[in-house]
$ cat final.pdb   # PDB, C-alpha atoms
ATOM      1  CA  MET R   1       8.199  -1.318  12.556
ATOM      2  CA  GLU R   2       7.764  -2.946  15.949
ATOM      3  CA  PHE R   3       4.615  -5.063  16.101
ATOM      4  CA  LYS R   4       2.546  -5.450  19.264
ATOM      5  CA  ASP R   5       1.447  -8.901  20.414
ATOM      6  CA  ASN R   6      -2.066  -7.811  21.401
ATOM      7  CA  GLU R   7      -3.289  -6.817  17.918
ATOM      8  CA  ALA R   8      -3.338  -8.586  14.555
ATOM      9  CA  ILE R   9      -0.367  -7.595  12.381
ATOM     10  CA  TYR R  10      -2.570  -6.750   9.396
ATOM     11  CA  LEU R  11      -4.450  -4.217  11.551
ATOM     12  CA  GLN R  12      -1.177  -2.691  12.719
ATOM     13  CA  ILE R  13      -0.077  -2.354   9.091
ATOM     14  CA  ALA R  14      -3.433  -0.762   8.244
ATOM     15  CA  ALA R  15      -2.872   1.655  11.145
ATOM     16  CA  PHE R  16       0.575   2.463   9.699
ATOM     17  CA  VAL R  17      -0.994   3.293   6.333
ATOM     18  CA  CYS R  18      -3.680   5.372   8.063
ATOM     19  CA  GLU R  19      -1.013   7.254  10.013
ATOM     20  CA  ASN R  20       0.728   8.144   6.747
ATOM     21  CA  ILE R  21      -2.576   9.468   5.391
ATOM     22  CA  LEU R  22      -3.414  11.452   8.535
ATOM     23  CA  THR R  23       0.032  13.041   8.701
ATOM     24  CA  GLY R  24      -0.159  14.039   5.046
ATOM     25  CA  LYS R  25       2.724  11.829   3.953
ATOM     26  CA  TRP R  26       0.306  10.123   1.550
ATOM     27  CA  ALA R  27      -2.174  12.614   0.088
ATOM     28  CA  ALA R  28      -5.532  12.045  -1.583
ATOM     29  CA  GLY R  29      -5.092  10.587  -5.057
ATOM     30  CA  GLN R  30      -1.489   9.577  -4.376
ATOM     31  CA  LYS R  31      -0.241   6.093  -5.225
ATOM     32  CA  ILE R  32       0.780   4.129  -2.152
ATOM     33  CA  LEU R  33       3.484   1.488  -1.854
ATOM     34  CA  SER R  34       2.837  -1.790  -3.638
ATOM     35  CA  VAL R  35       2.081  -4.897  -1.594
ATOM     36  CA  ARG R  36       5.560  -6.223  -2.296
ATOM     37  CA  ASP R  37       7.350  -2.941  -1.501
ATOM     38  CA  LEU R  38       5.543  -2.438   1.801
ATOM     39  CA  ALA R  39       6.104  -6.099   2.741
ATOM     40  CA  VAL R  40       9.841  -5.670   2.146
ATOM     41  CA  GLU R  41       9.939  -2.367   4.055
ATOM     42  CA  LEU R  42       8.086  -3.813   7.054
ATOM     43  CA  GLU R  43       9.696  -7.258   6.814
ATOM     44  CA  VAL R  44       6.378  -9.130   6.706
ATOM     45  CA  ASN R  45       4.700 -11.622   4.408
ATOM     46  CA  PRO R  46       3.113  -9.981   1.332
ATOM     47  CA  ASN R  47      -0.139 -11.811   2.132
ATOM     48  CA  THR R  48      -0.333  -9.884   5.407
ATOM     49  CA  VAL R  49       0.067  -6.560   3.585
ATOM     50  CA  MET R  50      -2.542  -7.692   1.057
ATOM     51  CA  ARG R  51      -4.972  -8.375   3.905
ATOM     52  CA  SER R  52      -4.290  -4.860   5.278
ATOM     53  CA  TYR R  53      -4.927  -3.294   1.885
ATOM     54  CA  GLU R  54      -8.142  -5.304   1.439
ATOM     55  CA  PHE R  55      -9.283  -4.109   4.853
ATOM     56  CA  LEU R  56      -8.570  -0.482   3.877
ATOM     57  CA  GLN R  57     -10.334  -0.949   0.533
ATOM     58  CA  GLY R  58     -13.365  -2.203   2.474
ATOM     59  CA  LEU R  59     -13.303   1.045   4.454
ATOM     60  CA  GLU R  60     -12.939   2.917   1.128
ATOM     61  CA  VAL R  61      -9.734   4.569   2.337
ATOM     62  CA  VAL R  62      -7.780   3.313  -0.671
ATOM     63  CA  TYR R  63      -8.889   2.136  -4.103
ATOM     64  CA  ASN R  64      -7.363   0.008  -6.830
ATOM     65  CA  LYS R  65      -6.629   1.268 -10.333
ATOM     66  CA  ARG R  66      -6.289  -1.916 -12.349
ATOM     67  CA  GLY R  67      -2.725  -2.319 -13.541
ATOM     68  CA  LEU R  68      -1.515   0.807 -11.738
ATOM     69  CA  GLY R  69      -1.788  -0.031  -8.038
ATOM     70  CA  LEU R  70      -3.513   1.342  -4.981
ATOM     71  CA  PHE R  71      -4.267   5.009  -4.403
ATOM     72  CA  VAL R  72      -5.514   7.078  -1.452
ATOM     73  CA  ALA R  73      -9.210   7.875  -1.933
ATOM     74  CA  GLU R  74     -10.160  11.526  -2.381
ATOM     75  CA  ASP R  75     -11.974  11.384   0.957
ATOM     76  CA  GLY R  76      -9.440   8.971   2.454
ATOM     77  CA  PHE R  77      -8.310  11.426   5.115
ATOM     78  CA  GLU R  78     -11.874  11.936   6.370
ATOM     79  CA  LYS R  79     -12.620   8.190   6.312
ATOM     80  CA  VAL R  80      -9.441   7.372   8.224
ATOM     81  CA  LYS R  81     -10.192  10.075  10.773
ATOM     82  CA  ALA R  82     -13.785   8.837  11.267
ATOM     83  CA  TYR R  83     -12.666   5.214  11.584
ATOM     84  CA  ARG R  84      -9.854   6.025  14.004
ATOM     85  CA  LYS R  85     -12.133   8.281  16.063
ATOM     86  CA  GLN R  86     -14.791   5.578  16.364
ATOM     87  CA  ASN R  87     -12.123   3.025  17.293
ATOM     88  CA  PHE R  88     -10.613   5.356  19.888
ATOM     89  CA  VAL R  89     -13.963   6.151  21.502
ATOM     90  CA  GLN R  90     -14.948   2.483  21.714
ATOM     91  CA  GLN R  91     -11.618   0.932  22.677
ATOM     92  CA  ASN R  92      -9.247   3.472  24.225
ATOM     93  CA  LEU R  93     -11.461   6.030  25.923
ATOM     94  CA  PRO R  94     -13.057   3.646  28.465
ATOM     95  CA  GLU R  95      -9.594   2.541  29.639
ATOM     96  CA  PHE R  96      -8.421   6.158  29.696
ATOM     97  CA  PHE R  97     -11.414   7.207  31.836
ATOM     98  CA  LYS R  98     -10.853   4.275  34.174
ATOM     99  CA  ASN R  99      -7.214   5.268  34.675
ATOM    100  CA  ILE R 100      -7.831   8.962  35.298
ATOM    101  CA  TYR R 101     -10.586   8.020  37.756
ATOM    102  CA  LEU R 102      -8.388   5.529  39.634
ATOM    103  CA  LEU R 103      -5.434   7.920  39.681
ATOM    104  CA  GLY R 104      -7.502  10.937  40.691
ATOM    105  CA  ILE R 105      -6.451  13.029  37.713
ATOM    106  CA  SER R 106      -8.703  16.042  37.202
ATOM    107  CA  MET R 107     -10.068  17.262  33.888
ATOM    108  CA  GLU R 108      -8.151  20.499  34.452
ATOM    109  CA  GLU R 109      -4.881  18.531  34.578
ATOM    110  CA  ILE R 110      -5.855  16.648  31.420
ATOM    111  CA  LYS R 111      -6.739  19.896  29.667
ATOM    112  CA  GLN R 112      -3.418  21.501  30.626
ATOM    113  CA  GLN R 113      -1.424  18.484  29.446
ATOM    114  CA  TYR R 114      -3.395  18.368  26.198
ATOM    115  CA  GLU R 115      -2.853  22.076  25.514
ATOM    116  CA  GLU R 116       0.891  21.658  26.091
ATOM    117  CA  PHE R 117       0.925  18.679  23.732
ATOM    118  CA  VAL R 118      -0.912  20.621  21.003
ATOM    119  CA  ALA R 119       1.494  23.556  21.358
ATOM    120  CA  GLU R 120       4.477  21.199  21.004
ATOM    121  CA  GLN R 121       2.946  19.573  17.915
ATOM    122  CA  GLN R 122       2.277  22.940  16.289
ATOM    123  CA  ALA R 123       5.812  24.143  17.036
ATOM    124  CA  ALA R 124       7.285  20.967  15.550
ATOM    125  CA  LYS R 125       5.134  21.348  12.433
ATOM    126  CA  LEU R 126       6.224  24.971  11.976
ATOM    127  CA  LYS R 127       9.861  23.984  12.410
ATOM    128  CA  GLU R 128       9.447  21.227   9.808
ATOM    129  CA  GLU R 129       7.751  23.605   7.349
ATOM    130  CA  LYS R 130      10.556  26.176   7.752
ATOM    131  CA  HIS R 131      13.121  23.437   7.162
ATOM    132  CA  GLU R 132      11.316  22.347   3.967
ATOM    133  CA  ASP R 133      11.148  25.962   2.726
ATOM    134  CA  LYS R 134      14.935  26.277   3.015
ATOM    135  CA  GLN R 135      15.497  23.248   0.782
TER
END

$ encode --input "final.pdb" --output "structure tokens"
Amino acid sequence: MEFKDNEAIYLQIAAFVCENILTGKWAAGQKILSVRDLAVELEVNPNTVMRSYEFLQGLEVVYNKRGLGLFVAEDGFEKVKAYRKQNFVQQNLPEFFKNIYLLGISMEEIKQQYEEFVAEQQAAKLKEEKHEDKQ
């Protein structure tokens, strides 16, 4: 994982975990990687991963089963989506609007690009599902 300089590493690790939940790689009720395992995989200090997991527990995205590890909350997907949406609207959208205004990009152009992106994502998902069915 390549870390960005403009954001705390523990938040980037939390975003990585959230991405795995949103993409369905880690489903509700599923055990997630231990602090040590994720630290080794990402080549970071275990304390940094612990801070990420504590942050996600505070958001109630994951929960601890004593002696067993951390698990994705039943409503983890919805909580991640709500958190990421709020974050996007507050942090990314103003910069996005500023750029499309300065560059003179119309909403029609944005809509067309977005529709093409969605179509590509859906095609990739179908291709992946067909590949999994063959195995």

$ resolve_selection --input "final.pdb" --expression "the PyMOL selection byres ((chain R and resi 17-26) around 12)" --output "VMD selection string"
chain R and resid 10 to 16 27 to 35 38 42 49 52 to 53 55 to 57 59 to 62 70 to 85 121 125

$ atom_distance --input "final.pdb" --atom1 "CA of Glu2 (chain R)" --atom2 "CA of Thr48 (chain R)"
15.0 Å

$ atom_distance --input "final.pdb" --atom1 "CA of Glu132 (chain R)" --atom2 "CA of Tyr114 (chain R)"
27.0 Å

$ atom_distance --input "final.pdb" --atom1 "CA of Met1 (chain R)" --atom2 "CA of Glu41 (chain R)"
8.7 Å

$ axis_aligned_box --input "final.pdb" --around "region 105-124 of chain R" --padding-each-side "4 Å" --output "JSON"
{"center_x": -1.4, "center_y": 18.6, "center_z": 26.6, "size_x": 25.4, "size_y": 19.1, "size_z": 30.2}
